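Printed here is protein22.txt (compact mmCIF, C-alpha atoms and all ligand atoms):
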```
# COMPACT_ATOMS: atom_id res chain seq x y z
CA MET G 1295 0.00 0.00 0.00
CA PRO G 1296 1.47 3.40 -0.90
CA LYS G 1297 2.50 5.20 2.30
CA ARG G 1298 0.07 7.93 3.31
CA LYS G 1299 0.93 9.63 6.59
CA SER G 1300 -0.48 7.40 9.35
CA GLN G 1301 -3.58 6.78 7.26
CA VAL G 1302 -5.53 3.59 7.98
CA TYR G 1303 -7.56 2.52 4.94
CA LEU G 1304 -10.52 0.29 5.81
CA ASP G 1305 -12.75 0.82 2.77
CA TYR G 1306 -11.61 -1.96 0.42
CA ALA G 1307 -15.18 -2.65 -0.74
CA ALA G 1308 -15.29 0.86 -2.25
CA THR G 1309 -12.00 0.39 -4.09
CA THR G 1310 -8.49 -1.02 -3.70
CA PRO G 1311 -5.07 0.48 -4.42
CA VAL G 1312 -3.46 -0.82 -7.61
CA ASP G 1313 -0.91 -3.53 -6.88
CA PRO G 1314 2.62 -2.38 -7.93
CA ARG G 1315 2.97 -5.56 -10.06
CA VAL G 1316 -0.16 -4.52 -11.96
CA ILE G 1317 1.26 -1.04 -12.63
CA GLU G 1318 4.48 -2.63 -13.90
CA ALA G 1319 2.51 -4.86 -16.30
CA MET G 1320 0.44 -1.92 -17.62
CA GLU G 1321 3.24 0.61 -18.09
CA PRO G 1322 4.56 -0.46 -21.52
CA TYR G 1323 1.01 -0.34 -22.94
CA LEU G 1324 0.49 3.30 -22.00
CA PHE G 1325 3.34 4.68 -24.06
CA GLU G 1326 5.50 2.33 -26.12
CA LYS G 1327 2.81 -0.25 -26.99
CA PHE G 1328 -0.02 2.23 -27.43
CA GLY G 1329 -1.65 0.83 -30.59
CA ASN G 1330 -5.37 0.37 -31.10
CA ALA G 1331 -6.02 -3.35 -30.61
CA SER G 1332 -8.32 -3.30 -33.68
CA SER G 1333 -5.52 -2.02 -36.00
CA LEU G 1334 -3.96 -4.55 -38.33
CA HIS G 1335 -0.40 -3.21 -38.20
CA THR G 1336 2.30 -4.51 -35.86
CA ILE G 1337 1.77 -1.80 -33.23
CA GLY G 1338 -1.94 -2.57 -33.07
CA GLN G 1339 -1.39 -6.31 -33.03
CA GLU G 1340 0.96 -5.98 -30.03
CA SER G 1341 -1.99 -4.53 -28.10
CA ALA G 1342 -4.36 -7.19 -29.45
CA LYS G 1343 -1.98 -9.93 -28.26
CA ALA G 1344 -1.82 -8.37 -24.79
CA VAL G 1345 -5.64 -8.28 -24.66
CA ASP G 1346 -5.75 -11.95 -25.71
CA ARG G 1347 -3.38 -12.79 -22.85
CA ALA G 1348 -5.58 -10.91 -20.36
CA ARG G 1349 -8.71 -12.62 -21.72
CA ASN G 1350 -6.99 -15.96 -21.12
CA GLN G 1351 -6.05 -14.93 -17.58
CA VAL G 1352 -9.66 -13.99 -16.75
CA ALA G 1353 -11.02 -17.13 -18.47
CA LYS G 1354 -8.63 -19.36 -16.51
CA PHE G 1355 -9.86 -17.85 -13.24
CA LEU G 1356 -13.53 -18.35 -14.19
CA ASP G 1357 -12.96 -21.75 -15.87
CA CYS G 1358 -14.50 -20.64 -19.16
CA LYS G 1359 -13.45 -20.12 -22.78
CA PRO G 1360 -11.62 -16.85 -23.55
CA MET G 1361 -14.30 -15.89 -26.10
CA GLU G 1362 -16.89 -15.98 -23.30
CA VAL G 1363 -15.19 -12.99 -21.62
CA ILE G 1364 -16.41 -9.52 -22.70
CA PHE G 1365 -14.37 -6.61 -21.39
CA THR G 1366 -16.38 -3.61 -20.18
CA SER G 1367 -15.71 -0.35 -18.33
CA GLY G 1368 -16.53 -1.99 -14.99
CA ALA G 1369 -19.20 -3.93 -13.14
CA THR G 1370 -21.82 -1.19 -13.63
CA GLU G 1371 -21.59 -1.63 -17.38
CA ALA G 1372 -21.35 -5.42 -17.09
CA ASN G 1373 -24.54 -5.52 -14.99
CA ASN G 1374 -26.38 -3.16 -17.37
CA THR G 1375 -25.24 -5.24 -20.36
CA ALA G 1376 -26.38 -8.47 -18.71
CA ILE G 1377 -29.81 -7.29 -17.61
CA LYS G 1378 -30.83 -5.09 -20.54
CA GLY G 1379 -29.02 -7.39 -22.96
CA VAL G 1380 -31.08 -10.43 -21.93
CA ALA G 1381 -34.32 -8.42 -21.79
CA TYR G 1382 -33.87 -6.97 -25.28
CA ALA G 1383 -32.70 -10.32 -26.66
CA LEU G 1384 -36.14 -11.63 -25.71
CA LYS G 1385 -37.71 -9.03 -27.96
CA LYS G 1386 -35.40 -9.88 -30.81
CA TYR G 1387 -34.84 -13.62 -30.53
CA GLY G 1388 -37.46 -14.97 -28.19
CA ASN G 1389 -35.80 -17.32 -25.72
CA PRO G 1390 -32.57 -15.59 -24.60
CA SER G 1391 -30.81 -18.77 -23.48
CA ALA G 1392 -31.30 -20.74 -26.70
CA SER G 1393 -29.54 -19.48 -29.77
CA SER G 1394 -31.49 -21.94 -31.88
CA SER G 1395 -34.95 -20.56 -31.09
CA PRO G 1396 -36.55 -18.84 -34.07
CA ARG G 1397 -36.49 -15.05 -33.90
CA GLY G 1398 -39.47 -13.47 -32.20
CA SER G 1399 -41.32 -16.76 -31.83
CA ARG G 1400 -41.51 -16.63 -28.05
CA LEU G 1401 -42.22 -12.96 -27.62
CA SER G 1402 -45.99 -13.01 -27.84
CA ARG G 1403 -46.23 -15.96 -25.46
CA ALA G 1404 -43.77 -14.46 -22.99
CA GLY G 1405 -45.30 -10.97 -22.94
CA GLN G 1406 -42.48 -8.63 -21.95
CA GLY G 1407 -40.80 -11.26 -19.82
CA HIS G 1408 -40.23 -11.66 -16.09
CA ILE G 1409 -37.03 -10.95 -14.16
CA ILE G 1410 -36.19 -12.06 -10.62
CA THR G 1411 -33.71 -10.15 -8.48
CA THR G 1412 -33.33 -9.23 -4.79
CA LYS G 1413 -34.08 -6.15 -2.73
CA ILE G 1414 -30.42 -5.70 -1.78
CA GLU G 1415 -28.70 -5.59 -5.20
CA HIS G 1416 -26.26 -2.85 -6.12
CA PRO G 1417 -28.01 0.29 -7.48
CA CYS G 1418 -26.78 -0.50 -11.02
CA VAL G 1419 -28.81 -3.73 -10.97
CA LEU G 1420 -31.86 -2.25 -9.23
CA GLU G 1421 -31.97 0.80 -11.51
CA SER G 1422 -31.60 -1.37 -14.63
CA CYS G 1423 -34.53 -3.47 -13.42
CA ARG G 1424 -36.64 -0.38 -12.65
CA TYR G 1425 -35.86 0.96 -16.13
CA LEU G 1426 -37.14 -2.27 -17.68
CA GLU G 1427 -40.14 -2.29 -15.34
CA LYS G 1428 -41.22 1.05 -16.85
CA GLN G 1429 -41.10 -0.64 -20.27
CA GLY G 1430 -43.49 -3.40 -19.23
CA PHE G 1431 -41.15 -6.11 -17.94
CA LYS G 1432 -42.34 -7.69 -14.71
CA ILE G 1433 -39.76 -7.68 -11.90
CA THR G 1434 -39.83 -9.68 -8.66
CA TYR G 1435 -37.64 -8.24 -5.89
CA LEU G 1436 -37.00 -11.10 -3.46
CA PRO G 1437 -36.76 -10.49 0.31
CA VAL G 1438 -33.59 -11.28 2.28
CA TYR G 1439 -34.99 -11.48 5.82
CA LYS G 1440 -33.15 -10.38 8.97
CA ASN G 1441 -29.89 -12.12 8.11
CA GLY G 1442 -29.57 -10.60 4.63
CA VAL G 1443 -29.65 -13.94 2.81
CA VAL G 1444 -32.03 -15.02 0.02
CA LYS G 1445 -33.95 -18.29 0.43
CA VAL G 1446 -33.55 -20.73 -2.45
CA SER G 1447 -37.18 -21.77 -1.90
CA ASP G 1448 -38.24 -18.15 -2.57
CA VAL G 1449 -36.33 -18.19 -5.87
CA LYS G 1450 -38.04 -21.45 -6.81
CA LYS G 1451 -41.50 -20.10 -5.96
CA ALA G 1452 -40.92 -16.91 -7.95
CA ILE G 1453 -39.98 -18.65 -11.23
CA THR G 1454 -42.77 -18.66 -13.84
CA LYS G 1455 -43.03 -19.68 -17.50
CA LYS G 1456 -42.15 -16.11 -18.37
CA THR G 1457 -38.98 -15.82 -16.26
CA ILE G 1458 -36.16 -14.86 -18.62
CA LEU G 1459 -33.53 -13.78 -16.10
CA ILE G 1460 -32.55 -14.35 -12.49
CA SER G 1461 -30.00 -11.77 -11.31
CA ILE G 1462 -28.62 -12.29 -7.81
CA MET G 1463 -25.46 -10.79 -6.33
CA TYR G 1464 -22.88 -13.19 -4.86
CA VAL G 1465 -21.81 -10.93 -1.97
CA ASN G 1466 -23.60 -7.80 -0.84
CA ASN G 1467 -21.40 -4.72 -1.01
CA GLU G 1468 -22.79 -3.14 2.18
CA ILE G 1469 -23.27 -6.00 4.65
CA GLY G 1470 -21.07 -8.68 3.04
CA THR G 1471 -23.67 -11.45 3.14
CA ILE G 1472 -23.02 -14.40 0.80
CA GLN G 1473 -25.94 -15.65 -1.28
CA PRO G 1474 -26.37 -19.40 -1.99
CA ILE G 1475 -25.30 -19.05 -5.63
CA ALA G 1476 -24.32 -22.70 -6.23
CA GLU G 1477 -27.69 -23.91 -4.89
CA ILE G 1478 -29.62 -21.41 -7.02
CA GLY G 1479 -27.47 -22.41 -10.00
CA LYS G 1480 -28.44 -26.05 -9.46
CA LEU G 1481 -32.13 -25.14 -9.19
CA ILE G 1482 -31.99 -23.23 -12.49
CA LYS G 1483 -30.06 -26.03 -14.18
CA ASP G 1484 -32.76 -28.51 -13.14
CA ILE G 1485 -35.47 -26.20 -14.52
CA LYS G 1486 -33.56 -25.79 -17.77
CA SER G 1487 -33.21 -29.52 -18.21
CA GLN G 1488 -37.00 -29.74 -18.47
CA THR G 1489 -36.65 -28.27 -21.94
CA THR G 1490 -39.81 -29.44 -23.60
CA LYS G 1491 -43.23 -28.70 -22.27
CA TYR G 1492 -46.51 -29.46 -23.96
CA SER G 1493 -49.16 -26.88 -24.59
CA SER G 1494 -52.59 -27.63 -23.16
CA ASN G 1495 -54.29 -27.87 -26.56
CA SER G 1496 -55.11 -31.29 -27.93
CA SER G 1497 -52.45 -31.26 -30.65
CA ARG G 1498 -49.82 -31.58 -27.88
CA GLN G 1499 -47.62 -29.31 -29.91
CA ALA G 1500 -44.15 -29.23 -28.38
CA VAL G 1501 -43.33 -25.81 -27.03
CA GLN G 1502 -39.88 -24.94 -25.87
CA ALA G 1503 -40.15 -23.44 -22.39
CA ILE G 1504 -38.37 -20.21 -21.56
CA LYS G 1505 -35.07 -21.07 -19.94
CA PRO G 1506 -34.12 -18.50 -17.33
CA VAL G 1507 -30.64 -17.05 -17.68
CA PHE G 1508 -28.71 -16.90 -14.39
CA HIS G 1509 -26.71 -13.71 -13.84
CA VAL G 1510 -24.44 -13.15 -10.84
CA ASP G 1511 -22.81 -9.89 -9.83
CA ALA G 1512 -19.58 -11.27 -8.34
CA THR G 1513 -17.89 -7.88 -7.84
CA GLN G 1514 -17.50 -8.25 -4.07
CA ALA G 1515 -17.01 -12.03 -4.08
CA ILE G 1516 -14.09 -12.54 -6.41
CA ASN G 1517 -11.38 -11.82 -3.82
CA TYR G 1518 -12.52 -14.58 -1.47
CA LEU G 1519 -15.04 -17.01 -2.99
CA ASP G 1520 -15.15 -19.69 -5.68
CA CYS G 1521 -16.00 -18.02 -9.00
CA ASN G 1522 -15.86 -21.14 -11.17
CA VAL G 1523 -18.82 -20.51 -13.49
CA ASN G 1524 -19.35 -24.21 -14.15
CA ARG G 1525 -19.34 -25.27 -10.51
CA LEU G 1526 -21.74 -22.41 -9.76
CA GLY G 1527 -23.99 -23.04 -12.80
CA VAL G 1528 -23.89 -19.39 -13.84
CA ASP G 1529 -24.64 -18.05 -17.37
CA LEU G 1530 -23.51 -14.45 -16.86
CA MET G 1531 -21.08 -13.06 -14.28
CA SER G 1532 -20.01 -9.43 -13.69
CA LEU G 1533 -16.57 -8.44 -12.43
CA SER G 1534 -14.66 -5.22 -11.76
CA ALA G 1535 -10.88 -4.73 -11.79
CA HIS G 1536 -10.66 -1.95 -9.20
CA LYS G 1537 -11.95 -4.24 -6.43
CA ILE G 1538 -9.06 -6.66 -6.98
CA TYR G 1539 -6.07 -4.29 -6.95
CA GLY G 1540 -6.43 -3.49 -10.64
CA PRO G 1541 -7.19 -0.17 -12.37
CA LYS G 1542 -10.51 1.66 -12.31
CA GLY G 1543 -12.70 1.78 -15.43
CA VAL G 1544 -12.22 -1.88 -16.44
CA GLY G 1545 -14.41 -4.90 -15.83
CA ALA G 1546 -15.81 -7.95 -17.54
CA LEU G 1547 -18.98 -9.82 -18.25
CA TYR G 1548 -18.74 -13.57 -18.58
CA VAL G 1549 -21.30 -14.73 -21.18
CA ARG G 1550 -21.90 -18.48 -21.42
CA LYS G 1551 -21.82 -19.66 -25.05
CA GLY G 1552 -25.34 -19.66 -26.51
CA THR G 1553 -26.69 -16.91 -24.23
CA GLN G 1554 -28.30 -14.18 -26.31
CA ILE G 1555 -27.25 -10.66 -25.36
CA GLU G 1556 -28.52 -7.70 -27.33
CA PRO G 1557 -25.83 -4.98 -27.20
CA PHE G 1558 -26.81 -1.55 -25.96
CA VAL G 1559 -23.58 0.25 -26.89
CA HIS G 1560 -23.69 0.35 -30.69
CA GLY G 1561 -20.74 1.03 -32.97
CA GLY G 1562 -17.79 -1.11 -34.05
CA HIS G 1563 -17.51 -4.88 -33.74
CA GLN G 1564 -15.19 -4.97 -30.73
CA GLU G 1565 -15.74 -7.58 -28.00
CA TYR G 1566 -17.53 -10.07 -30.28
CA GLY G 1567 -20.14 -7.45 -31.19
CA VAL G 1568 -21.43 -7.22 -27.61
CA ARG G 1569 -19.63 -4.01 -26.60
CA ALA G 1570 -18.62 -1.43 -29.19
CA GLY G 1571 -15.79 1.06 -28.67
CA THR G 1572 -11.98 1.10 -28.73
CA ILE G 1573 -10.91 -1.21 -25.97
CA ASN G 1574 -8.91 0.06 -23.00
CA HIS G 1575 -5.98 -2.29 -23.56
CA PRO G 1576 -3.65 -0.95 -20.80
CA GLY G 1577 -6.54 -1.30 -18.31
CA ILE G 1578 -7.36 -4.77 -19.58
CA VAL G 1579 -3.69 -5.81 -19.25
CA GLY G 1580 -3.84 -4.56 -15.64
CA PHE G 1581 -7.06 -6.49 -15.01
CA GLY G 1582 -5.48 -9.69 -16.37
CA LYS G 1583 -2.42 -9.26 -14.15
CA ALA G 1584 -4.58 -8.46 -11.09
CA ILE G 1585 -6.65 -11.62 -11.58
CA GLU G 1586 -3.50 -13.71 -12.09
CA ILE G 1587 -2.06 -12.39 -8.80
CA LEU G 1588 -5.41 -13.04 -7.11
CA GLN G 1589 -5.39 -16.64 -8.33
CA GLU G 1590 -1.87 -17.20 -6.94
CA THR G 1591 -2.81 -15.59 -3.60
CA ARG G 1592 -6.07 -17.55 -3.38
CA ASN G 1593 -4.29 -20.84 -4.09
CA LYS G 1594 -2.26 -20.30 -0.94
CA LYS G 1595 -5.45 -19.90 1.15
CA GLN G 1596 -3.64 -18.13 4.06
CA GLU G 1597 -4.69 -14.69 2.89
CA THR G 1598 -8.44 -15.32 3.28
CA ARG G 1599 -7.85 -16.86 6.70
CA ARG G 1600 -5.65 -13.93 7.77
CA ILE G 1601 -8.33 -11.42 6.81
CA GLU G 1602 -11.11 -13.46 8.41
CA GLU G 1603 -9.18 -13.53 11.68
CA LEU G 1604 -8.64 -9.76 11.61
CA ARG G 1605 -12.36 -9.30 10.82
CA ASP G 1606 -13.45 -11.54 13.72
CA ASP G 1607 -11.10 -9.77 16.16
CA LEU G 1608 -12.54 -6.45 15.08
CA ILE G 1609 -16.18 -7.57 15.37
CA LYS G 1610 -15.53 -9.02 18.83
CA GLY G 1611 -13.60 -5.93 19.92
CA ILE G 1612 -16.34 -3.51 18.83
CA LEU G 1613 -19.27 -5.49 20.23
CA LEU G 1614 -17.48 -5.94 23.59
CA SER G 1615 -16.17 -2.41 24.03
CA ILE G 1616 -19.14 -0.36 22.79
CA PRO G 1617 -22.62 -0.83 24.28
CA GLY G 1618 -25.64 -0.60 21.97
CA THR G 1619 -23.94 -2.09 18.89
CA ARG G 1620 -25.21 -4.74 16.47
CA LEU G 1621 -23.59 -6.57 13.56
CA ASN G 1622 -25.66 -6.23 10.39
CA GLY G 1623 -25.97 -9.32 8.21
CA ASP G 1624 -25.41 -12.99 8.90
CA LYS G 1625 -22.35 -13.81 11.01
CA LYS G 1626 -21.44 -17.02 9.15
CA MET G 1627 -22.70 -16.39 5.60
CA ARG G 1628 -20.40 -13.39 5.42
CA VAL G 1629 -17.46 -12.54 3.19
CA ALA G 1630 -14.01 -12.55 4.85
CA ASN G 1631 -13.42 -8.79 4.78
CA ASN G 1632 -16.75 -7.15 5.73
CA ILE G 1633 -17.96 -5.67 9.01
CA ASN G 1634 -21.16 -3.60 9.11
CA ILE G 1635 -22.21 -2.31 12.53
CA SER G 1636 -25.13 -0.24 13.80
CA PHE G 1637 -24.65 2.05 16.81
CA ASP G 1638 -27.51 3.31 18.99
CA ASN G 1639 -27.92 7.10 19.02
CA VAL G 1640 -25.07 7.72 16.59
CA GLU G 1641 -25.23 9.11 13.07
CA GLY G 1642 -23.05 6.99 10.76
CA GLU G 1643 -21.87 9.89 8.64
CA SER G 1644 -20.76 11.91 11.71
CA LEU G 1645 -18.82 8.88 12.93
CA LEU G 1646 -17.17 8.51 9.51
CA ILE G 1647 -16.05 12.17 9.63
CA LEU G 1648 -14.72 11.85 13.18
CA LEU G 1649 -12.75 8.73 12.25
CA ASP G 1650 -11.45 10.49 9.15
CA PHE G 1651 -10.08 13.30 11.37
CA LYS G 1652 -8.18 10.57 13.22
CA GLY G 1653 -6.76 9.21 9.95
CA ILE G 1654 -9.06 6.19 9.55
CA ALA G 1655 -11.09 5.74 6.35
CA VAL G 1656 -14.36 3.76 6.62
CA SER G 1657 -17.72 4.02 4.86
CA THR G 1658 -21.39 4.36 5.76
CA GLY G 1659 -22.51 1.85 3.15
CA SER G 1660 -21.74 1.83 -0.51
CA ALA G 1661 -19.64 4.62 -2.02
CA CYS G 1662 -22.21 4.73 -4.84
CA ALA G 1663 -25.00 5.70 -2.41
CA SER G 1664 -23.03 8.28 -0.41
CA GLY G 1665 -24.35 11.76 -0.89
CA SER G 1666 -27.88 10.36 -0.76
CA LEU G 1667 -30.02 11.24 2.26
CA GLU G 1668 -32.05 8.06 1.85
CA PRO G 1669 -31.39 5.33 4.43
CA SER G 1670 -29.57 2.30 3.03
CA HIS G 1671 -31.99 0.13 0.99
CA VAL G 1672 -29.98 -2.88 2.16
CA LEU G 1673 -30.42 -2.22 5.88
CA MET G 1674 -34.09 -1.35 5.32
CA ALA G 1675 -34.50 -4.73 3.59
CA LEU G 1676 -33.20 -6.40 6.79
CA GLY G 1677 -36.13 -4.81 8.62
CA ARG G 1678 -34.09 -2.06 10.27
CA GLY G 1679 -35.77 1.31 10.79
CA PRO G 1680 -34.41 4.48 9.12
CA LEU G 1681 -32.71 5.64 12.36
CA GLU G 1682 -30.82 2.40 12.74
CA ALA G 1683 -29.98 2.38 9.03
CA HIS G 1684 -28.49 5.88 9.36
CA GLY G 1685 -26.49 4.83 12.43
CA SER G 1686 -24.25 2.27 10.78
CA ILE G 1687 -20.76 2.07 9.32
CA ARG G 1688 -19.09 -0.38 6.96
CA ILE G 1689 -15.49 -1.42 7.60
CA THR G 1690 -13.84 -3.49 4.87
CA LEU G 1691 -10.37 -5.02 5.05
CA GLY G 1692 -7.95 -6.05 2.32
CA ARG G 1693 -4.52 -7.13 1.14
CA PHE G 1694 -2.64 -4.33 2.90
CA THR G 1695 -4.58 -4.35 6.20
CA ARG G 1696 -2.37 -5.12 9.20
CA GLU G 1697 -3.11 -5.95 12.85
CA SER G 1698 -1.87 -2.48 13.80
CA ASP G 1699 -4.71 -0.95 11.70
CA ILE G 1700 -7.31 -2.95 13.63
CA LYS G 1701 -5.69 -1.97 16.96
CA LYS G 1702 -5.75 1.70 15.99
CA LEU G 1703 -9.45 1.54 15.07
CA LEU G 1704 -10.28 -0.28 18.30
CA ALA G 1705 -8.44 2.41 20.27
CA VAL G 1706 -10.20 5.31 18.53
CA LEU G 1707 -13.76 4.03 17.87
CA PRO G 1708 -15.19 3.73 21.44
CA LYS G 1709 -14.21 7.33 22.28
CA ALA G 1710 -15.60 8.63 18.98
CA VAL G 1711 -18.93 6.83 19.54
CA GLU G 1712 -19.13 8.11 23.13
CA LYS G 1713 -18.51 11.67 21.98
CA LEU G 1714 -21.28 11.50 19.35
CA LYS G 1715 -23.73 9.89 21.77
CA LYS G 1716 -23.18 12.75 24.23
CA ILE G 1717 -23.87 15.28 21.46
CA SER G 1718 -27.00 13.49 20.17
CA MET G 1719 -28.45 13.03 23.67
CA GLY G 1720 -27.79 16.70 24.52
N1 LIG G 1801 -21.74 -4.33 -8.01
C1 LIG G 1801 -21.26 -4.34 -6.77
C2 LIG G 1801 -21.70 -5.42 -5.83
C3 LIG G 1801 -20.35 -3.36 -6.35
O1 LIG G 1801 -19.88 -3.38 -5.11
C4 LIG G 1801 -19.96 -2.37 -7.28
C5 LIG G 1801 -18.98 -1.29 -6.87
N2 LIG G 1801 -19.35 -0.58 -5.73
C6 LIG G 1801 -20.49 -2.40 -8.58
C7 LIG G 1801 -21.37 -3.40 -8.91
C8 LIG G 1801 -20.09 -1.37 -9.62
O2 LIG G 1801 -18.77 -1.60 -9.99
P1 LIG G 1801 -17.94 -0.53 -10.87
O3 LIG G 1801 -17.41 0.47 -9.88
O4 LIG G 1801 -16.85 -1.34 -11.50
O5 LIG G 1801 -18.85 0.06 -11.86
```
Just give me the structure of the file as structure tokens.
Amino acid sequence: MPKRKSQVYLDYAATTPVDPRVIEAMEPYLFEKFGNASSLHTIGQESAKAVDRARNQVAKFLDCKPMEVIFTSGATEANNTAIKGVAYALKKYGNPSASSSPRGSRLSRAGQGHIITTKIEHPCVLESCRYLEKQGFKITYLPVYKNGVVKVSDVKKAITKKTILISIMYVNNEIGTIQPIAEIGKLIKDIKSQTTKYSSNSSRQAVQAIKPVFHVDATQAINYLDCNVNRLGVDLMSLSAHKIYGPKGVGALYVRKGTQIEPFVHGGHQEYGVRAGTINHPGIVGFGKAIEILQETRNKKQETRRIEELRDDLIKGILLSIPGTRLNGDKKMRVANNINISFDNVEGESLLILLDFKGIAVSTGSACASGSLEPSHVLMALGRGPLEAHGSIRITLGRFTRESDIKKLLAVLPKAVEKLKKISMG
């Protein structure tokens, strides 16, 4: 981590510093090897080769074919591409998960199509769904109960003949809860295997059922959890480089072969026709390197354990030393690096500012929602009231977090909370 005067950074879910090895890998492609990867000359082809290498690195991590990886500007674009891409493919092709279905044949039967998601998705998923809702698509927003985890039985109950897409995040960015992605993947696979249904009319004409596409936003999961798309039974998966010590403005969408995606950025034929525009090859090189480093680190397993231990020490320390505190989200179904705590009679944003004065960077939820006066939609979905939702902070650890950082926070936090409580209670 670059040295910043006695600064403790505990906001790794918002973004991560770029690993020096990633910067080293990117550097030649910013100046010397600057060519447009679509150009046919040697300078362009150097860039194209580097992009191929990065595509292989990402594909190896996900256990997919390189041509199933579409580079984007980040997870926001990947999520938009997945959700709108599947929805509009229904209009154009009918069944979005079967390339062989005749164009338009399913549309009238499917109406505008049905999408299942959860109440706690990232705003880029929720807003994409609301956008489609206005156009006549039907959206089911599943509950997550007090522990912040979706029930597989609720997913099963929500699926109808018209369900074209199920979009569920792997790890929540605010409370760190892990969703049962492999189980949902298995459920969808079983539904898809019942490919042929018969219509009720006497001719028993075979009708191919809509096969729901399974999309997973794995942005906050990739550092710590299995992202093998085959083991998980996932058709689409969104990723972002800046959460894994890579550069900002780069991400990827995994698209299982045969899944119909209608592009919404129109232009050239880059990225297999799914995403037009000159590709950010230095960023993509950095993403590839970051994922390669992540794979090596994950293989060793100690890193996840080290972070989990720091997280558990911190949770225990806060709950023991500060009265009126609660951990938000399930304790076990929780990603290694996330702590989200509510404090009685304390305003989360004031606490953030006080900690910042002391050189400690935390968050009140997602960086994308900061600046909004609305209480967190995630905490509200857990059944917390607006006051409690406003009185919480998110602490997220990462590769460069040390025990001394945790000790510093534990030394500063109780006094800061006490000070704010005194102010709020007059
Ligand atoms: N999904 C999740 C779960 C996230 O945490 C984020 C980043 N906060 C995004 C999507 C958006 O990622 P990006 O910044 O790459 O657009």
Next on the checklist: Could you list, as a VMD selection string, every residue within 7 Å of range 1413-1417 of chain G, counting all atoms listed in the file and ignoring same-chain residues fewer than 4 positions away?
Outcome noted: chain G and resid 1421 1435 to 1437 1463 1671 to 1672 1675
With ligand LIG 1801 (chain G) as the partner and 6 Å as the cut-off, tabulate the residues of chain G that qualify, each row holding the nearest pair of atoms and their distance in Å to one decimal, using all atoms listed in the file, sorted by chain and rising number, as CSV.
```
residue,atom,partner,partner_atom,distance
G:Ala1308,CA,G:LIG1801,N2,5.5
G:Gly1368,CA,G:LIG1801,O4,3.6
G:Ala1369,CA,G:LIG1801,O4,3.9
G:Thr1370,CA,G:LIG1801,O5,3.7
G:His1416,CA,G:LIG1801,N1,5.1
G:Asn1466,CA,G:LIG1801,C2,5.8
G:Asn1467,CA,G:LIG1801,O1,4.6
G:Asp1511,CA,G:LIG1801,N1,5.9
G:Thr1513,CA,G:LIG1801,C2,5.0
G:Gln1514,CA,G:LIG1801,C2,5.4
G:Ser1534,CA,G:LIG1801,O4,4.5
```
Using the file's own x, y and z axes, what box holds all listed atoms of range 1704-1707 of chain G with 3 Å on each side, keeping edges along x, y and z, and what are its centre and edge lengths in Å to one decimal, as lines of an AutoDock Vina configuration file?
```
center_x = -11.1
center_y = 2.5
center_z = 19.1
size_x = 11.3
size_y = 11.6
size_z = 8.4
```
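Coordinates place CA of Phe1508 in chain G at a distance of 12.2 Å from CA of Gln1554 in chain G.
You can rank G:Asn1524, G:Thr1471, G:Ser1367, G:Thr1310 by their closest distance to Asn1622 in chain G using only C-alpha atoms, and at the top of that list sits G:Thr1471.
Closest approach to Ile1601 in chain G among G:His1509, G:His1575, G:Lys1542, G:Arg1693 is made by G:Arg1693 (distances from all atoms listed in the file).
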Checklist entry - If we count only C-alpha atoms, what is near Ser1644 in chain G at a cut-off of 10 Å, once residues fewer than 5 positions away on the same chain are taken out, given as a list in words? => result Leu1649, Asp1650, Thr1658, Gly1685, Ala1710, Val1711 and Leu1714 of chain G
Checklist entry - Near range 1596-1598 of chain G, counting only C-alpha atoms, which residues have an atom at most 8 Å away, once you skip same-chain residues fewer than 2 positions from it, shown as a VMD selection string? => result chain G and resid 1518 1591 to 1592 1594 1600 to 1602 1630 1693
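Those residues that approach Tyr1439 in chain G to within 10 Å, counting only C-alpha atoms, are Leu1436, Pro1437, Asn1441, Gly1442, Val1443, Val1444, Lys1445, Gly1623, Ala1675, Leu1676 and Gly1677 of chain G; same-chain residues fewer than 2 positions away are not listed.
With only C-alpha atoms as the atoms that count, the residue of G:Pro1617, G:Gly1720, G:Gly1561, G:Gly1692 with the shortest distance to Thr1309 in chain G is G:Gly1692.
A straight line drawn from CA of Leu1588 in chain G to CA of Phe1365 in chain G is 18.0 Å long.
Nearest residue to Ile1377 in chain G among G:Tyr1306, G:Tyr1539, G:Phe1325, G:Phe1558 is G:Phe1558, counting only C-alpha atoms.
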Checklist entry - What separation in Å, quoted to one decimal, exists between CA of Tyr1382 in chain G and CA of Val1568 in chain G? => result 12.7 Å
Next on the checklist: Please list as a PyMOL selection string every residue within 8 Å of Leu1356 in chain G, counting all atoms listed in the file and excluding residues in the same chain fewer than 3 positions away.
Outcome noted: chain G and resi 1352-1353+1521-1523
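Shortest atom-to-atom contact with Cys1418 in chain G among G:Ser1532, G:Pro1322, G:Gly1338, G:Ala1383: G:Ser1532, counting only C-alpha atoms.
Closest to Glu1468 in chain G among G:Asp1346, G:Glu1590, G:Glu1556, G:Asp1305 is G:Asp1305, based on only C-alpha atoms.
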